[in-house]
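Novice: Take a look at work-v2.txt, compact mmCIF, C-alpha atoms and all ligand atoms:
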# COMPACT_ATOMS: atom_id res chain seq x y z
CA MET A 7 -8.86 -35.00 -30.00
CA ALA A 8 -5.83 -33.67 -28.19
CA LYS A 9 -6.18 -32.80 -24.53
CA GLN A 10 -6.94 -29.12 -24.05
CA ILE A 11 -4.59 -27.03 -21.97
CA GLN A 12 -6.15 -24.96 -19.21
CA ALA A 13 -5.27 -21.48 -17.99
CA ILE A 14 -3.09 -21.23 -14.89
CA ARG A 15 -4.97 -21.36 -11.58
CA GLY A 16 -5.87 -17.87 -10.40
CA MET A 17 -5.32 -16.33 -13.85
CA LYS A 18 -8.51 -15.49 -15.66
CA ASP A 19 -9.46 -14.68 -19.20
CA ILE A 20 -11.43 -11.49 -19.54
CA LEU A 21 -14.02 -12.50 -22.08
CA PRO A 22 -15.58 -10.42 -24.87
CA GLN A 23 -18.83 -9.95 -22.96
CA GLN A 24 -16.83 -8.54 -20.03
CA THR A 25 -14.39 -6.26 -21.87
CA PRO A 26 -16.89 -3.44 -22.53
CA LEU A 27 -17.22 -2.90 -18.78
CA TRP A 28 -13.41 -3.01 -18.40
CA GLN A 29 -13.02 -0.48 -21.19
CA TYR A 30 -15.64 1.71 -19.57
CA LEU A 31 -13.81 1.58 -16.22
CA GLU A 32 -10.39 2.15 -17.76
CA GLY A 33 -11.76 4.95 -19.91
CA ARG A 34 -13.31 6.78 -16.95
CA VAL A 35 -10.10 6.47 -14.92
CA ARG A 36 -7.97 7.65 -17.85
CA SER A 37 -10.27 10.61 -18.34
CA VAL A 38 -10.20 11.69 -14.70
CA LEU A 39 -6.41 11.31 -14.42
CA GLY A 40 -5.88 13.26 -17.62
CA ARG A 41 -8.06 16.07 -16.29
CA TYR A 42 -5.87 16.29 -13.16
CA GLY A 43 -2.71 16.52 -15.28
CA TYR A 44 -1.35 13.00 -14.73
CA ASP A 45 0.70 11.34 -17.49
CA GLU A 46 0.77 7.66 -18.27
CA ILE A 47 3.98 5.64 -17.95
CA ARG A 48 4.34 2.05 -19.17
CA MET A 49 6.86 -0.19 -17.46
CA PRO A 50 7.98 -3.76 -18.21
CA ILE A 51 6.05 -6.52 -16.49
CA VAL A 52 9.28 -8.26 -15.46
CA GLU A 53 11.94 -6.65 -13.27
CA MET A 54 15.05 -7.75 -11.41
CA THR A 55 13.98 -9.62 -8.26
CA GLU A 56 16.28 -7.38 -6.24
CA LEU A 57 14.08 -4.36 -7.03
CA PHE A 58 11.11 -5.83 -5.17
CA LYS A 59 13.20 -7.15 -2.29
CA ARG A 60 14.67 -3.72 -1.74
CA SER A 61 11.45 -1.74 -2.11
CA ILE A 62 8.60 -3.87 -0.82
CA GLY A 63 10.77 -5.32 1.95
CA GLU A 64 12.17 -8.80 2.59
CA VAL A 65 9.78 -9.49 5.46
CA THR A 66 6.49 -8.89 3.73
CA ASP A 67 3.90 -11.40 2.56
CA ILE A 68 4.59 -10.41 -1.03
CA VAL A 69 8.34 -11.00 -0.98
CA GLU A 70 8.25 -13.91 1.44
CA LYS A 71 5.68 -16.02 -0.33
CA GLU A 72 3.80 -14.40 -3.18
CA MET A 73 6.30 -13.52 -5.91
CA TYR A 74 6.62 -15.27 -9.24
CA THR A 75 10.40 -15.45 -9.32
CA PHE A 76 12.46 -17.36 -11.86
CA GLU A 77 15.88 -17.48 -13.42
CA ASP A 78 16.13 -16.40 -17.02
CA ARG A 79 18.52 -18.01 -19.48
CA ASN A 80 21.39 -15.84 -18.27
CA GLY A 81 20.89 -16.94 -14.69
CA ASP A 82 19.50 -13.55 -13.59
CA SER A 83 16.76 -13.69 -10.98
CA LEU A 84 13.69 -12.02 -12.42
CA THR A 85 10.21 -11.49 -10.98
CA LEU A 86 6.81 -10.83 -12.51
CA ARG A 87 5.85 -7.54 -10.92
CA PRO A 88 3.59 -7.97 -7.87
CA GLU A 89 2.82 -4.21 -7.85
CA GLY A 90 3.73 -1.13 -9.84
CA THR A 91 5.31 1.39 -7.48
CA ALA A 92 8.77 -0.21 -7.41
CA GLY A 93 8.98 -0.37 -11.21
CA CYS A 94 7.65 3.17 -11.53
CA VAL A 95 10.34 4.52 -9.19
CA ARG A 96 12.99 2.45 -10.97
CA ALA A 97 11.87 3.80 -14.35
CA GLY A 98 11.67 7.35 -13.02
CA LEU A 99 15.22 7.19 -11.63
CA GLU A 100 16.65 5.50 -14.68
CA ASN A 101 15.15 8.06 -17.03
CA GLY A 102 15.80 11.16 -14.98
CA LEU A 103 12.14 11.90 -14.29
CA ILE A 104 12.42 12.27 -10.56
CA PHE A 105 15.46 14.30 -9.52
CA ASN A 106 14.68 17.95 -8.77
CA GLN A 107 11.24 18.03 -10.35
CA THR A 108 7.67 17.10 -9.73
CA GLN A 109 5.99 14.29 -11.60
CA ARG A 110 2.40 13.12 -11.68
CA LEU A 111 2.30 9.65 -13.21
CA TRP A 112 -0.08 6.74 -13.64
CA TYR A 113 0.16 3.24 -15.08
CA GLN A 114 -2.02 0.24 -15.57
CA GLY A 115 -1.62 -3.43 -16.18
CA PRO A 116 -1.38 -6.92 -14.77
CA MET A 117 0.28 -7.72 -11.45
CA PHE A 118 1.20 -11.21 -10.22
CA ARG A 119 1.02 -12.66 -6.73
CA HIS A 120 0.96 -16.32 -5.78
CA GLU A 121 -1.92 -16.06 -3.32
CA ARG A 122 -4.77 -18.45 -2.63
CA PRO A 123 -7.27 -17.70 -5.41
CA GLN A 124 -10.77 -16.79 -4.27
CA LYS A 125 -13.42 -14.23 -5.11
CA GLY A 126 -11.66 -10.88 -5.53
CA ARG A 127 -8.20 -12.42 -5.16
CA TYR A 128 -6.32 -13.75 -8.16
CA ARG A 129 -2.77 -14.64 -9.12
CA GLN A 130 -2.85 -12.35 -12.11
CA PHE A 131 -4.89 -9.26 -11.37
CA HIS A 132 -4.96 -5.75 -12.72
CA GLN A 133 -4.23 -2.41 -11.15
CA ILE A 134 -4.29 1.19 -12.13
CA GLY A 135 -1.68 2.98 -10.06
CA VAL A 136 -0.98 6.66 -9.56
CA GLU A 137 2.24 8.14 -8.18
CA ALA A 138 3.25 11.75 -7.48
CA PHE A 139 6.91 12.63 -6.91
CA GLY A 140 8.66 15.69 -5.50
CA LEU A 141 5.77 17.06 -3.44
CA GLU A 142 6.11 16.91 0.31
CA GLY A 143 3.04 18.72 1.60
CA PRO A 144 -0.33 17.24 2.49
CA ASP A 145 -1.90 19.06 -0.48
CA ILE A 146 -0.82 16.32 -2.88
CA ASP A 147 -2.05 13.59 -0.49
CA LEU A 148 -5.36 15.41 -0.55
CA GLU A 149 -5.36 15.67 -4.34
CA LEU A 150 -4.85 11.92 -4.72
CA ILE A 151 -7.74 11.15 -2.40
CA LEU A 152 -9.94 13.71 -4.18
CA ILE A 153 -9.12 11.98 -7.48
CA THR A 154 -10.36 8.68 -6.10
CA ALA A 155 -13.48 10.28 -4.62
CA ARG A 156 -14.26 11.89 -7.98
CA LEU A 157 -13.76 8.57 -9.70
CA TRP A 158 -16.27 6.78 -7.49
CA LYS A 159 -18.72 9.62 -8.16
CA GLU A 160 -18.26 9.47 -11.93
CA LEU A 161 -18.49 5.68 -11.90
CA GLY A 162 -21.66 5.80 -9.83
CA LEU A 163 -20.12 3.71 -7.04
CA GLN A 164 -21.73 4.26 -3.68
CA GLY A 165 -21.06 3.05 -0.16
CA LEU A 166 -17.26 3.13 -0.35
CA GLU A 167 -15.66 4.06 2.94
CA LEU A 168 -12.38 5.95 3.16
CA GLN A 169 -10.13 4.68 5.94
CA LEU A 170 -7.25 6.87 6.93
CA ASN A 171 -4.19 6.61 9.11
CA THR A 172 -0.73 8.07 9.48
CA LEU A 173 2.40 6.02 10.02
CA GLY A 174 4.77 8.87 10.85
CA THR A 175 8.31 8.91 9.53
CA ALA A 176 10.74 6.01 9.54
CA ASP A 177 12.44 7.38 12.69
CA GLU A 178 9.19 7.79 14.53
CA ARG A 179 8.20 4.28 13.55
CA ALA A 180 11.51 2.90 14.76
CA ARG A 181 10.93 4.43 18.19
CA TYR A 182 7.34 3.18 18.23
CA ARG A 183 8.55 -0.22 17.16
CA ASP A 184 10.59 -0.56 20.34
CA VAL A 185 7.57 0.35 22.46
CA LEU A 186 5.47 -2.16 20.56
CA VAL A 187 8.00 -4.97 20.91
CA ASP A 188 8.06 -4.37 24.68
CA TYR A 189 4.27 -4.53 24.81
CA PHE A 190 3.98 -7.71 22.74
CA GLN A 191 6.79 -9.35 24.69
CA ASP A 192 4.77 -8.73 27.84
CA HIS A 193 1.84 -10.47 26.13
CA HIS A 194 3.83 -13.20 24.42
CA ASN A 195 1.41 -15.98 25.39
CA GLN A 196 -1.42 -14.26 23.48
CA LEU A 197 0.49 -14.18 20.17
CA ASP A 198 0.04 -16.72 17.39
CA GLU A 199 2.99 -18.33 15.67
CA ASP A 200 3.05 -15.89 12.77
CA SER A 201 3.08 -12.94 15.13
CA ARG A 202 5.85 -14.37 17.30
CA ARG A 203 7.96 -14.61 14.19
CA ARG A 204 6.99 -11.05 13.24
CA LEU A 205 7.96 -9.82 16.69
CA GLU A 206 11.57 -10.14 15.61
CA SER A 207 11.27 -9.15 11.99
CA ASN A 208 8.37 -6.76 11.52
CA PRO A 209 6.35 -6.15 14.70
CA LEU A 210 4.14 -3.47 13.11
CA ARG A 211 2.65 -6.14 10.88
CA ILE A 212 1.29 -7.88 13.96
CA LEU A 213 -1.28 -5.06 14.13
CA ASP A 214 -2.40 -6.15 10.67
CA THR A 215 -3.27 -9.68 11.81
CA LYS A 216 -6.51 -11.23 10.63
CA ASN A 217 -6.56 -13.77 13.46
CA PRO A 218 -9.70 -13.04 15.56
CA GLU A 219 -8.08 -14.62 18.64
CA MET A 220 -5.57 -11.80 18.63
CA ALA A 221 -8.11 -8.99 18.28
CA GLU A 222 -8.02 -8.21 22.00
CA VAL A 223 -4.24 -8.02 22.43
CA VAL A 224 -3.99 -5.90 19.29
CA ALA A 225 -6.77 -3.56 20.37
CA GLN A 226 -4.98 -2.86 23.67
CA ALA A 227 -1.60 -2.20 22.05
CA PRO A 228 -0.03 1.27 22.29
CA THR A 229 -0.77 3.37 19.21
CA LEU A 230 1.68 5.03 16.89
CA MET A 231 -0.31 8.27 17.09
CA GLU A 232 0.95 8.71 20.66
CA HIS A 233 4.53 8.60 19.36
CA LEU A 234 4.44 11.01 16.41
CA SER A 235 6.34 14.30 15.99
CA GLU A 236 4.65 17.71 15.67
CA THR A 237 5.50 17.82 11.97
CA SER A 238 3.90 14.48 11.26
CA LEU A 239 0.83 15.32 13.31
CA ASP A 240 0.54 18.62 11.49
CA HIS A 241 0.79 16.96 8.07
CA PHE A 242 -2.01 14.64 9.06
CA ALA A 243 -4.14 17.43 10.55
CA GLN A 244 -3.88 19.47 7.35
CA LEU A 245 -4.87 16.51 5.22
CA ARG A 246 -7.89 15.88 7.41
CA GLN A 247 -8.84 19.55 7.25
CA GLY A 248 -8.64 19.42 3.45
CA LEU A 249 -10.87 16.37 3.34
CA ASP A 250 -13.37 18.05 5.64
CA SER A 251 -13.44 21.17 3.47
CA ALA A 252 -13.94 19.06 0.36
CA GLY A 253 -16.77 17.18 2.05
CA VAL A 254 -15.03 13.81 1.79
CA SER A 255 -15.82 11.80 4.89
CA TYR A 256 -13.42 9.25 6.30
CA VAL A 257 -12.92 6.92 9.20
CA LEU A 258 -9.72 6.96 11.22
CA ASN A 259 -8.30 3.47 11.38
CA PRO A 260 -5.20 3.30 13.58
CA ARG A 261 -4.83 -0.38 12.62
CA LEU A 262 -4.32 0.48 8.98
CA VAL A 263 -0.62 -0.21 8.42
CA ARG A 264 -0.65 -1.54 4.82
CA GLY A 265 1.12 -4.68 3.72
CA LEU A 266 4.14 -2.98 2.16
CA ASP A 267 7.10 -1.75 4.16
CA TYR A 268 7.76 1.47 2.32
CA TYR A 269 4.91 3.68 3.50
CA SER A 270 5.38 6.78 5.68
CA ARG A 271 2.89 9.29 7.06
CA THR A 272 -0.40 9.12 5.14
CA VAL A 273 -1.94 5.74 4.35
CA PHE A 274 -5.48 5.16 3.16
CA GLU A 275 -7.81 2.51 1.80
CA TRP A 276 -11.21 2.63 0.17
CA VAL A 277 -13.29 -0.24 1.45
CA THR A 278 -16.69 -1.65 0.58
CA ASP A 279 -18.80 -4.20 2.42
CA GLN A 280 -20.36 -5.42 -0.83
CA LEU A 281 -17.55 -7.73 -1.89
CA GLY A 282 -17.17 -10.00 1.12
CA ALA A 283 -13.71 -10.47 2.58
CA GLN A 284 -11.89 -8.83 -0.34
CA GLY A 285 -13.38 -5.40 0.31
CA THR A 286 -10.44 -3.06 -0.35
CA VAL A 287 -10.74 -1.63 -3.85
CA CYS A 288 -8.04 1.03 -3.62
CA ALA A 289 -5.10 1.54 -1.32
CA GLY A 290 -2.21 3.91 -1.08
CA GLY A 291 -0.12 6.31 0.87
CA ARG A 292 3.05 8.32 1.17
CA TYR A 293 6.44 6.64 0.75
CA ASP A 294 9.04 9.36 1.20
CA GLY A 295 11.88 6.91 1.84
CA LEU A 296 11.58 4.68 -1.19
CA VAL A 297 13.31 6.73 -3.88
CA GLU A 298 16.44 6.97 -1.71
CA GLN A 299 16.18 3.29 -0.83
CA LEU A 300 16.36 2.56 -4.56
CA GLY A 301 19.44 4.70 -5.11
CA GLY A 302 17.98 8.16 -5.81
CA ARG A 303 18.19 11.40 -3.85
CA PRO A 304 15.68 11.75 -1.01
CA THR A 305 12.38 12.49 -2.75
CA SER A 306 8.85 12.90 -1.48
CA ALA A 307 6.43 10.47 -3.05
CA VAL A 308 2.83 9.45 -2.61
CA GLY A 309 0.55 7.17 -4.58
CA PHE A 310 -2.21 4.63 -4.66
CA ALA A 311 -3.31 1.60 -6.63
CA MET A 312 -6.76 0.29 -7.31
CA GLY A 313 -7.72 -3.30 -7.98
CA LEU A 314 -9.66 -3.43 -11.21
CA GLU A 315 -11.22 -6.88 -10.69
CA ARG A 316 -12.80 -5.66 -7.46
CA LEU A 317 -13.98 -2.42 -9.05
CA ILE A 318 -15.49 -4.40 -11.93
CA ALA A 319 -17.31 -6.60 -9.41
CA LEU A 320 -18.68 -3.45 -7.77
CA LEU A 321 -19.68 -1.93 -11.11
CA GLU A 322 -21.61 -5.10 -11.90
CA THR A 323 -23.88 -4.28 -8.97
CA THR A 324 -24.74 -0.88 -10.50
CA ASP A 325 -26.51 0.14 -13.69
CA ALA A 326 -23.18 0.86 -15.41
CA THR A 327 -23.69 -2.07 -17.76
CA GLN A 328 -26.71 -0.29 -19.21
CA GLN A 329 -24.53 2.63 -20.24
CA LEU A 330 -22.15 0.52 -22.28
CA PRO A 331 -22.04 1.19 -26.02
CA THR A 332 -23.87 -1.32 -28.17
CA VAL A 333 -24.08 -2.04 -31.87
CA ASP A 334 -26.17 0.57 -33.69
CA LEU A 335 -26.81 -1.15 -36.97
CA TYR A 336 -26.53 -4.64 -38.42
CA LEU A 337 -26.51 -4.71 -42.21
CA ILE A 338 -28.19 -7.70 -43.84
CA MET A 339 -27.43 -8.26 -47.53
CA MET A 340 -29.36 -10.66 -49.80
CA GLY A 341 -28.01 -11.34 -53.29
CA GLU A 342 -24.79 -10.67 -55.14
CA THR A 343 -25.52 -7.07 -56.17
CA ALA A 344 -26.74 -6.25 -52.67
CA LYS A 345 -23.56 -7.75 -51.22
CA SER A 346 -21.20 -5.52 -53.15
CA ARG A 347 -23.41 -2.42 -52.87
CA GLY A 348 -23.84 -3.14 -49.15
CA MET A 349 -20.14 -3.30 -48.31
CA GLN A 350 -19.69 -0.03 -50.18
CA LEU A 351 -22.66 1.55 -48.37
CA ALA A 352 -21.24 0.51 -45.01
CA GLU A 353 -18.02 2.38 -45.79
CA GLU A 354 -20.02 5.47 -46.87
CA LEU A 355 -21.91 5.40 -43.58
CA ARG A 356 -18.66 5.05 -41.60
CA ASP A 357 -17.29 8.06 -43.50
CA VAL A 358 -20.12 10.37 -42.48
CA LEU A 359 -21.02 8.89 -39.07
CA PRO A 360 -17.68 8.37 -37.34
CA ASP A 361 -19.23 7.07 -34.10
CA LEU A 362 -21.55 4.60 -35.80
CA ARG A 363 -21.17 1.03 -34.57
CA LEU A 364 -22.02 -0.97 -37.65
CA ILE A 365 -21.65 -4.67 -38.30
CA SER A 366 -21.84 -5.74 -41.94
CA HIS A 367 -23.03 -9.30 -42.25
CA CYS A 368 -20.30 -11.61 -43.53
CA GLY A 369 -20.50 -15.24 -44.47
CA GLY A 370 -23.66 -15.24 -46.61
CA GLY A 371 -26.68 -17.35 -45.68
CA GLY A 372 -30.42 -16.87 -46.03
CA PHE A 373 -32.50 -14.01 -44.68
CA LYS A 374 -33.59 -15.92 -41.60
CA SER A 375 -30.10 -16.82 -40.46
CA GLN A 376 -28.79 -13.31 -41.16
CA PHE A 377 -31.68 -11.84 -39.19
CA LYS A 378 -30.94 -14.17 -36.28
CA LYS A 379 -27.37 -12.92 -36.22
CA ALA A 380 -28.60 -9.32 -36.28
CA ASP A 381 -30.80 -10.06 -33.28
CA LYS A 382 -27.97 -11.78 -31.42
CA SER A 383 -25.65 -8.83 -32.01
CA GLN A 384 -27.97 -6.75 -29.80
CA ALA A 385 -28.00 -4.10 -32.52
CA ARG A 386 -30.59 -1.36 -32.23
CA TYR A 387 -31.48 -1.51 -35.92
CA ALA A 388 -31.18 -3.90 -38.81
CA ALA A 389 -30.79 -2.57 -42.34
CA ILE A 390 -31.97 -4.98 -45.03
CA LEU A 391 -30.63 -4.69 -48.53
CA GLY A 392 -31.70 -7.01 -51.37
CA ASP A 393 -30.99 -6.88 -55.10
CA ASP A 394 -34.47 -5.38 -55.70
CA GLU A 395 -33.81 -2.62 -53.18
CA VAL A 396 -30.50 -1.79 -54.80
CA ALA A 397 -32.29 -1.41 -58.13
CA LYS A 398 -34.83 0.97 -56.56
CA GLY A 399 -32.20 2.85 -54.51
CA GLU A 400 -33.95 1.81 -51.29
CA ILE A 401 -33.12 -0.08 -48.12
CA GLY A 402 -35.22 -1.57 -45.29
CA LEU A 403 -34.70 -0.27 -41.76
CA LYS A 404 -36.10 -2.18 -38.81
CA PRO A 405 -35.82 -1.38 -35.10
CA LEU A 406 -34.82 -4.54 -33.21
CA ARG A 407 -35.26 -3.49 -29.58
CA ASP A 408 -38.95 -2.63 -29.73
CA ASN A 409 -41.54 -4.07 -32.05
CA GLY A 410 -41.32 -1.19 -34.53
CA GLU A 411 -42.27 -1.80 -38.15
CA GLN A 412 -39.75 -2.07 -40.93
CA GLN A 413 -39.76 1.00 -43.19
CA GLN A 414 -38.34 1.39 -46.66
CA VAL A 415 -36.10 4.43 -46.95
CA LYS A 416 -33.97 5.90 -49.69
CA ILE A 417 -30.36 4.68 -49.51
CA SER A 418 -29.27 8.27 -49.92
CA ASP A 419 -31.34 9.27 -46.85
CA LEU A 420 -30.07 6.48 -44.58
CA ALA A 421 -27.12 8.35 -43.04
CA GLY A 422 -29.34 11.32 -42.16
CA ILE A 423 -32.04 9.11 -40.66
CA LEU A 424 -29.49 7.21 -38.55
CA ALA A 425 -27.88 10.44 -37.39
CA ASP A 426 -31.31 11.55 -36.10
CA LYS A 427 -32.15 8.26 -34.43
CA LEU A 428 -28.83 7.51 -32.69
P1 LIG A 501 -5.18 -7.23 0.33
O1 LIG A 501 -5.15 -6.77 1.75
O2 LIG A 501 -6.58 -7.37 -0.22
O3 LIG A 501 -4.32 -8.43 0.08
P2 LIG A 501 -3.01 -5.55 -0.49
O4 LIG A 501 -2.81 -4.63 0.64
O5 LIG A 501 -2.12 -6.73 -0.64
O6 LIG A 501 -4.55 -6.04 -0.52
P3 LIG A 501 -2.09 -3.62 -2.44
O7 LIG A 501 -0.76 -4.21 -2.63
O8 LIG A 501 -2.23 -2.39 -1.67
O9 LIG A 501 -3.07 -4.75 -1.85
O10 LIG A 501 -2.80 -3.45 -3.85
C1 LIG A 501 -3.78 -2.45 -4.09
C2 LIG A 501 -5.10 -3.06 -4.50
O11 LIG A 501 -4.91 -4.08 -5.48
C3 LIG A 501 -5.84 -3.76 -3.41
O12 LIG A 501 -6.55 -2.84 -2.62
C4 LIG A 501 -6.77 -4.65 -4.18
O13 LIG A 501 -7.89 -3.93 -4.65
C5 LIG A 501 -5.91 -5.06 -5.34
N1 LIG A 501 -5.32 -6.39 -5.12
C6 LIG A 501 -4.24 -6.72 -4.37
N2 LIG A 501 -3.98 -8.03 -4.45
C7 LIG A 501 -4.93 -8.56 -5.26
C8 LIG A 501 -5.20 -9.89 -5.75
N3 LIG A 501 -4.43 -10.91 -5.42
N4 LIG A 501 -6.27 -10.06 -6.58
C9 LIG A 501 -7.05 -9.02 -6.93
N5 LIG A 501 -6.84 -7.75 -6.51
C10 LIG A 501 -5.80 -7.52 -5.68
MG MG A 502 -2.28 -8.77 -0.19
Please re-express this file's structure in structure tokens.

Specialist:
Amino acid sequence: MAKQIQAIRGMKDILPQQTPLWQYLEGRVRSVLGRYGYDEIRMPIVEMTELFKRSIGEVTDIVEKEMYTFEDRNGDSLTLRPEGTAGCVRAGLENGLIFNQTQRLWYQGPMFRHERPQKGRYRQFHQIGVEAFGLEGPDIDLELILITARLWKELGLQGLELQLNTLGTADERARYRDVLVDYFQDHHNQLDEDSRRRLESNPLRILDTKNPEMAEVVAQAPTLMEHLSETSLDHFAQLRQGLDSAGVSYVLNPRLVRGLDYYSRTVFEWVTDQLGAQGTVCAGGRYDGLVEQLGGRPTSAVGFAMGLERLIALLETTDATQQLPTVDLYLIMMGETAKSRGMQLAEELRDVLPDLRLISHCGGGGFKSQFKKADKSQARYAAILGDDEVAKGEIGLKPLRDNGEQQQVKISDLAGILADKL
């Protein structure tokens, strides 16, 4: 036998027994977003490398070491998208969706980052992202957070904590940056190698360090909050007021700076302690500078993305799996007449019961083996049709989940009986 080829490390198949939960999650999200008036946009998975360098920032983990970048046959540098915001803004600009209008958009699909694979962290993972353009007030920040809160409620996810921070505007950050560089230079001996490098390139990211030995020096650092303008403080205060009025609780986390360069003002993350180290299931914020950075007119923008693998892992800890749709009926057919009548009957049932989940047995075989397959399908009922039954206009109906008896019913009554039972 030929050697089998394996999937790429960190890229997982989502198997048939897992897809119902994925569909459930995606369906709930799609429903909530539709009800808030958000429209889906679908972008290519591959973009020009330049797009990500310019938007995410050259000195970020993603661009420095996580991108899947390659040359295509024309010699262009292309990259598998590591996130969706850059492509969404690119598509919006290119198609005239952003200038002088408001847009509420969402997208979903695979993202690619060459990280160290571990639980909750993969090289191909999936996000649903939401972006709102052309709205500068804190009301839209609030709406986005309310969407996520509603989602957790409708998905039955508990124990998620909302962490909130504001990063101010680019100018305010630049001034703060100088203060921060001074502070860290005074404490140079307490910095690790990564942070010393960041001191030159991206000192704010030092605050994001996961090195426990630097916890102290980071905790003592001056905060951005002390360096914000009235307008920025007011934006943040209004958002917090809105959250309070809506009864959404949150924790202020001044260390929350987010891994991407393009954020301004509001940033937030939803975090759980049930998934170990990879506890952030949703993250987002305002990025008022990005549209201009990518060649558009200055445009307010705010969005978030959620990691579906992590949400699936959370859902697996709830009773969501019990709410997934299952097969209603498995049709067993014994004999040639029964076979042809059965296939026809299945179509008649599908005509009158549009939601019926019905598997018609295919592939022949004896009663025992057909019944085994019915059992394995997890169907709620088996219908048993033999040549004798066809002659009498009857069919057997047996509940498979409890030990109910098989009853003989009229074929013509079957649809009505199923409609009552299901
Ligand atoms: P992290 O700090 O966990 O690396 P991030 O800040 O890099 O996350 P974002 O770019 O904000 O993540 O992406 C939004 C969400 O996408 C994350 O909160 C997470 O749920 C999910 N996500 C990010 N990277 C991965 C990955 N490699 N595998 C699985 N999910 C991921
Ligand atoms: Mg990351």

Novice: Could you check the closest approach to ligand MG 502 (chain A) for each of A:Ser201, A:Thr286, A:Asn208, A:Ser235 and tell me which residue wins, using all atoms listed in the file?

Specialist: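 Ranked by minimum distance to ligand MG 502 (chain A), first place goes to A:Thr286.
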
Novice: Find the nearest atom pair between each residue of chain A and ligand LIG 501 (chain A) for residues within 9 Å, count all atoms listed in the file, give distances in Å to one decimal, sort rows by chain and ascending number, and present the table as CSV.

Specialist:
residue,atom,partner,partner_atom,distance
A:Gly16,CA,A:LIG501,N3,8.7
A:Asp67,CA,A:LIG501,O5,8.3
A:Ile68,CA,A:LIG501,O5,7.7
A:Pro88,CA,A:LIG501,O7,7.8
A:Glu89,CA,A:LIG501,O7,6.3
A:Met117,CA,A:LIG501,C7,8.1
A:Phe118,CA,A:LIG501,N3,7.4
A:Arg119,CA,A:LIG501,N3,5.9
A:His120,CA,A:LIG501,N3,7.6
A:Glu121,CA,A:LIG501,N3,6.1
A:Arg122,CA,A:LIG501,N3,8.0
A:Pro123,CA,A:LIG501,N3,7.4
A:Gln124,CA,A:LIG501,N4,8.4
A:Lys125,CA,A:LIG501,N4,8.4
A:Gly126,CA,A:LIG501,C9,5.2
A:Arg127,CA,A:LIG501,N4,3.4
A:Tyr128,CA,A:LIG501,N4,4.0
A:Arg129,CA,A:LIG501,N3,5.5
A:Gln130,CA,A:LIG501,N4,6.9
A:Phe131,CA,A:LIG501,C9,4.9
A:His132,CA,A:LIG501,N5,6.8
A:Gln133,CA,A:LIG501,O11,5.9
A:Ile134,CA,A:LIG501,O11,8.5
A:Gly135,CA,A:LIG501,C1,8.3
A:Arg264,CA,A:LIG501,O4,5.6
A:Gly265,CA,A:LIG501,O4,5.0
A:Leu266,CA,A:LIG501,O7,7.0
A:Glu275,CA,A:LIG501,O12,7.1
A:Trp276,CA,A:LIG501,O12,7.7
A:Val277,CA,A:LIG501,O12,8.3
A:Ala283,CA,A:LIG501,O2,8.3
A:Gln284,CA,A:LIG501,O2,5.5
A:Gly285,CA,A:LIG501,O2,7.1
A:Thr286,CA,A:LIG501,O12,4.5
A:Val287,CA,A:LIG501,O13,3.7
A:Cys288,CA,A:LIG501,O12,4.3
A:Ala289,CA,A:LIG501,O12,4.8
A:Gly290,CA,A:LIG501,O8,6.3
A:Phe310,CA,A:LIG501,C1,7.3
A:Ala311,CA,A:LIG501,C1,4.8
A:Met312,CA,A:LIG501,C2,4.7
A:Gly313,CA,A:LIG501,O13,3.4
A:Leu314,CA,A:LIG501,O13,6.8
A:Glu315,CA,A:LIG501,C9,6.0
A:Arg316,CA,A:LIG501,O13,5.9
A:Leu317,CA,A:LIG501,O13,7.7

Novice: Quick one: distance from atom CA of A:Gln24 to atom CA of A:Ser383 in Å, one decimal?

Specialist: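 Atom-to-atom, atom CA of A:Gln24 and atom CA of A:Ser383 are spaced 14.9 Å apart.
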
Novice: Write out as a list of chain:residue names each polymer residue whose atoms come within 10 Å of A:Thr229, counting all atoms listed in the file; drop sequence neighbours fewer than 5 positions from it.

Specialist: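 Near A:Thr229, the qualifying residues are A:Tyr182, A:Val185, A:Leu186, A:Leu213, A:Val224, A:Leu234, A:Pro260, A:Arg261.
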
Novice: Check the smallest atom-to-atom distance from each of A:Arg34, A:Glu142, A:Lys216, A:Thr324 to ligand MG 502 (chain A) using all atoms listed in the file, then report the winner.

Specialist: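 Nearest candidate to ligand MG 502 (chain A) out of A:Arg34, A:Glu142, A:Lys216, A:Thr324: A:Lys216.
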
Novice: Could you tell me how far atom CA of A:Val52 sits from atom CA of A:Gly302, in Å to one decimal place?

Specialist: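 Going from atom CA of A:Gly302 over to atom CA of A:Val52, I get 20.9 Å.
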
Novice: Tell me, in Å to one decimal, how far atom CA of A:Ser255 is from atom CA of A:Asn171.

Specialist: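 Atom CA of A:Asn171 lies at a distance of 13.4 Å from atom CA of A:Ser255.
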
Novice: Could you pull out every residue with an atom within 10 Å of (-23.3, -14.7, -46.4), file coordinates, counting all atoms listed in the file, and send them as a VMD selection string?

Specialist: chain A and resid 338 to 342 345 367 to 373 375 to 376

Novice: So that I can check the surroundings of A:Ser37, please list as number ranges by chain every protein, DNA and RNA residue that reaches within 12 Å of it, counting all atoms listed in the file and ignoring chain neighbours fewer than 4 positions away.

Specialist: A: 29-33, 41-46, 112, 153, 156-157, 160-161
